[in-house]
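Structure first, then comments.
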2 protein chains.
Amino acid sequence: MSFDLDPHLAGDTLPLGDLLLSRVLLVNDSRFPWLMLVPRRPNMSEFTDLPPGERSILMEEIAAVSTALKETTHSAKLNVGAIGNVVPQLHVHVVARFEGDAAWPDPVWGHGDREPYQDQAAEAFKAEISQRLAFV
Amino acid sequence: MSFDLDPHLAGDTLPLGDLLLSRVLLVNDSRFPWLMLVPRRPNMSEFTDLPPGERSILMEEIAAVSTALKETTHSAKLNVGAIGNVVPQLHVHVVARFEGDAAWPDPVWGHGDREPYQDQAAEAFKAEISQRLAFV
């Protein structure tokens, strides 16, 4: 079976590029600097669905995305989460958080309505993130 | 420097045992089957603060705790999150979720008030989880 990005995830995000295992996406919500990793494997819902070697790769890709996001935003804190109650396809959120941001100190998931990027702002942010990641 | 469990985390949880890297705790909220891993390293706040080898171990410990929780509860979905906006010491939540539970489909973090376990219920649940984990 081949990998297809869940259409809900596709609709909520803008594509950045592919790491060895994961597709990296920008969540289209300008309230928070918010990236997402989706391992390009079919029928994955939990970390435990991946074989151990790929879990280690995923963890290193989470770390690479975390570092790129922190270097770009100088955020105080990162939030990392794999939830999937609504969209079961395995996807990992990495969100840069700041004291006083729109949801602080609560998590961003399910908080208010998304505010899509203006085109230029998304492109500039994507470029800054992308130059810090080794896309295949 | 030695590792000390953050007092807020200690106050919200009941101890289960130590894996190679992480202390495993039961969050004292009977609304959700909810475990927590805390790597026993001082001054850790993000996954990226751990060296890569220990990140891989942490991922495997998250997987082991996930499997133990899923086998014990037969949950539909797991939620895994490292947030730390309030308590910066690196800690990873692993929560078993069910359609129709007290927060479904939202995340559990920041949702309503915790309902502590009755002593016997906590001990029974801890015993079921512990027999599925290799504590050091």
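Chains: A, B, ... in order of the structure tokens. Residues: from 1 per chain. Ligands: from 1, in order shown.
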
Contact residues around Ile57 of chain B with only C-alpha atoms at 12 Å, ignoring same-chain residues under 2 positions, as a CSV table (one decimal) with N, CA, C and O atoms, in the first residue's frame:
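File out-v8.csv, as written:
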```csv
chain,number,residue,atom,x,y,z
A,52,PRO,N,10.5,-0.3,15.6
A,52,PRO,CA,11.3,0.4,16.5
A,52,PRO,C,12.3,1.3,15.8
A,52,PRO,O,12.6,2.5,16.2
A,53,GLY,N,12.9,0.8,14.7
A,53,GLY,CA,13.9,1.6,14.0
A,53,GLY,C,13.3,2.9,13.4
A,53,GLY,O,14.0,4.0,13.4
A,55,ARG,N,10.6,4.4,14.6
A,55,ARG,CA,10.3,5.2,15.7
A,55,ARG,C,11.5,6.1,16.1
A,55,ARG,O,11.4,7.3,16.4
A,56,SER,N,12.7,5.5,16.1
A,56,SER,CA,13.9,6.3,16.4
A,56,SER,C,14.1,7.4,15.4
A,56,SER,O,14.5,8.5,15.7
A,57,ILE,N,13.9,7.0,14.1
A,57,ILE,CA,14.0,8.1,13.0
A,57,ILE,C,13.0,9.2,13.3
A,57,ILE,O,13.3,10.4,13.2
A,59,MET,N,11.7,10.1,16.0
A,59,MET,CA,12.1,11.0,17.2
A,59,MET,C,13.2,12.0,16.7
A,59,MET,O,13.2,13.1,17.1
A,60,GLU,N,14.2,11.5,15.9
A,60,GLU,CA,15.2,12.4,15.4
A,60,GLU,C,14.6,13.5,14.5
A,60,GLU,O,15.1,14.6,14.5
B,19,LEU,N,11.9,2.9,34.6
B,19,LEU,CA,12.6,2.2,33.4
B,19,LEU,C,14.0,2.7,33.3
B,19,LEU,O,14.5,3.4,34.2
B,20,LEU,N,14.7,2.2,32.3
B,20,LEU,CA,16.1,2.5,32.2
B,20,LEU,C,16.4,4.0,32.3
B,20,LEU,O,17.3,4.5,33.1
B,21,LEU,N,15.6,4.8,31.6
B,21,LEU,CA,15.8,6.3,31.6
B,21,LEU,C,14.7,7.0,32.4
B,21,LEU,O,15.0,8.0,33.0
B,22,SER,N,13.5,6.5,32.3
B,22,SER,CA,12.4,7.4,32.8
B,22,SER,C,11.7,6.8,34.0
B,22,SER,O,11.6,5.6,34.2
B,37,LEU,N,5.8,9.8,31.8
B,37,LEU,CA,7.2,9.4,31.8
B,37,LEU,C,8.1,10.7,32.1
B,37,LEU,O,7.9,11.7,31.4
B,39,PRO,N,12.1,11.5,32.2
B,39,PRO,CA,13.5,11.1,32.1
B,39,PRO,C,14.3,11.6,33.4
B,39,PRO,O,14.1,12.7,33.7
B,47,PHE,N,12.6,17.6,24.3
B,47,PHE,CA,13.3,16.4,23.7
B,47,PHE,C,14.7,16.8,23.2
B,47,PHE,O,15.6,15.9,23.4
B,50,LEU,N,17.9,16.3,25.5
B,50,LEU,CA,18.5,15.0,25.7
B,50,LEU,C,19.4,14.7,24.5
B,50,LEU,O,19.2,15.1,23.4
B,51,PRO,N,20.5,13.9,24.8
B,51,PRO,CA,21.3,13.5,23.6
B,51,PRO,C,20.6,12.5,22.8
B,51,PRO,O,19.6,11.8,23.3
B,52,PRO,N,20.9,12.3,21.5
B,52,PRO,CA,20.2,11.5,20.6
B,52,PRO,C,19.9,10.1,21.1
B,52,PRO,O,18.9,9.5,20.9
B,53,GLY,N,21.0,9.5,21.7
B,53,GLY,CA,20.8,8.1,22.1
B,53,GLY,C,19.7,8.0,23.2
B,53,GLY,O,19.0,7.0,23.2
B,54,GLU,N,19.7,9.0,24.1
B,54,GLU,CA,18.7,8.9,25.1
B,54,GLU,C,17.3,9.3,24.6
B,54,GLU,O,16.3,8.8,25.1
B,55,ARG,N,17.2,10.1,23.5
B,55,ARG,CA,15.9,10.3,22.9
B,55,ARG,C,15.4,9.0,22.3
B,55,ARG,O,14.2,8.8,22.4
B,59,MET,N,11.9,7.3,23.4
B,59,MET,CA,10.9,6.8,22.4
B,59,MET,C,10.5,5.4,22.7
B,59,MET,O,9.3,5.0,22.6
B,60,GLU,N,11.4,4.5,22.9
B,60,GLU,CA,11.1,3.1,23.2
B,60,GLU,C,10.4,3.0,24.5
B,60,GLU,O,9.5,2.1,24.6
B,61,GLU,N,10.7,3.8,25.5
B,61,GLU,CA,9.9,3.8,26.7
B,61,GLU,C,8.5,4.3,26.6
B,61,GLU,O,7.6,3.8,27.2
B,62,ILE,N,8.4,5.3,25.7
B,62,ILE,CA,7.0,5.8,25.4
B,62,ILE,C,6.2,4.6,24.7
B,62,ILE,O,5.0,4.4,25.1
B,63,ALA,N,6.9,3.9,23.9
B,63,ALA,CA,6.2,2.8,23.2
B,63,ALA,C,5.8,1.7,24.2
B,63,ALA,O,4.8,1.1,24.1
B,64,ALA,N,6.8,1.4,25.1
B,64,ALA,CA,6.5,0.3,26.1
B,64,ALA,C,5.3,0.7,27.0
B,64,ALA,O,4.4,-0.1,27.3
```

Give me the chain B side of the contact with chain A, cut-off 6 Å, one line per residue showing its nearest atom pair and distance in Å at one decimal, counting only C-alpha atoms, sorted by chain and residue number, as CSV.
```
residue,atom,partner,partner_atom,distance
B:Thr48,CA,A:Ala63,CA,5.5
B:Ser56,CA,A:Ser56,CA,5.2
B:Ala63,CA,A:Thr48,CA,5.5
B:Asn79,CA,A:Ile83,CA,4.4
B:Val80,CA,A:Ala82,CA,5.1
B:Gly81,CA,A:Gly81,CA,4.1
B:Ala82,CA,A:Val80,CA,5.1
B:Ile83,CA,A:Asn79,CA,4.4
B:Asn85,CA,A:Pro105,CA,5.6
B:Pro105,CA,A:Asn85,CA,5.6
```

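What separates atom CA of Phe135 of chain B from atom CA of Val27 of chain B is a distance of 17.9 Å.
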
Which polymer residues have any atom within 10 Å of an atom of Leu69 of chain A, counting only C-alpha atoms, with same-chain residues fewer than 5 positions away left out, as an NGL selection string?
:A and (33-35 or 63-64 or 74-75 or 78 or 94-96 or 125 or 128-130 or 132-133)

Report as a short mmCIF file (atom, residue, chain, number, x, y, z; two decimals) with N, CA, C and O atoms, in the first residue's frame all protein, DNA and RNA residues lying within 6 Å of segment 2-18 of chain B, evaluated on only C-alpha atoms, omitting residues in the same chain fewer than 4 positions from it.
```
data_model
loop_
_atom_site.label_atom_id
_atom_site.label_comp_id
_atom_site.auth_asym_id
_atom_site.auth_seq_id
_atom_site.Cartn_x
_atom_site.Cartn_y
_atom_site.Cartn_z
N SER B 22 13.50 6.55 32.28
CA SER B 22 12.37 7.37 32.75
C SER B 22 11.72 6.83 34.02
O SER B 22 11.57 5.61 34.18
N ARG B 23 11.30 7.74 34.87
CA ARG B 23 10.38 7.40 35.95
C ARG B 23 8.97 7.34 35.36
O ARG B 23 8.59 8.21 34.56
N VAL B 24 8.21 6.32 35.72
CA VAL B 24 6.84 6.17 35.23
C VAL B 24 5.89 6.47 36.38
O VAL B 24 6.05 5.93 37.49
N LEU B 25 4.92 7.33 36.10
CA LEU B 25 3.99 7.80 37.12
C LEU B 25 2.56 7.60 36.63
O LEU B 25 2.30 7.66 35.43
N LEU B 26 1.65 7.39 37.57
CA LEU B 26 0.22 7.37 37.26
C LEU B 26 -0.35 8.74 37.63
O LEU B 26 -0.24 9.16 38.79
N VAL B 27 -0.94 9.43 36.65
CA VAL B 27 -1.58 10.72 36.96
C VAL B 27 -2.85 10.43 37.77
O VAL B 27 -3.66 9.57 37.39
N ASN B 28 -2.96 11.13 38.87
CA ASN B 28 -4.03 10.82 39.84
C ASN B 28 -5.34 11.50 39.42
O ASN B 28 -5.83 12.42 40.06
N ARG B 40 15.01 10.65 33.97
CA ARG B 40 15.69 10.97 35.23
C ARG B 40 17.01 11.67 34.94
O ARG B 40 18.09 11.15 35.20
N ARG B 41 16.90 12.84 34.34
CA ARG B 41 18.06 13.67 34.02
C ARG B 41 17.76 15.08 34.50
O ARG B 41 16.64 15.56 34.32
N PRO B 42 18.74 15.76 35.10
CA PRO B 42 18.48 17.12 35.57
C PRO B 42 18.43 18.12 34.41
O PRO B 42 19.04 17.90 33.36
N PHE B 135 10.57 -2.74 35.05
CA PHE B 135 11.18 -1.73 35.91
C PHE B 135 12.56 -2.19 36.36
O PHE B 135 12.79 -3.39 36.60
N VAL B 136 13.48 -1.24 36.49
CA VAL B 136 14.85 -1.57 36.91
C VAL B 136 14.88 -1.77 38.42
O VAL B 136 14.00 -1.31 39.14
#
```

Report as a ChimeraX atom specification: the residues of chain B with a DSSP assignment of helix (DSSP H, G or I), based on the backbone of this structure.
/B:7-12,47-49,52-73,119-130

Just the number, please: distance in Å from atom CA of Arg31 of chain B to atom CA of Gln89 of chain B, one decimal.
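Between atom CA of Arg31 of chain B and atom CA of Gln89 of chain B the gap is 24.1 Å.
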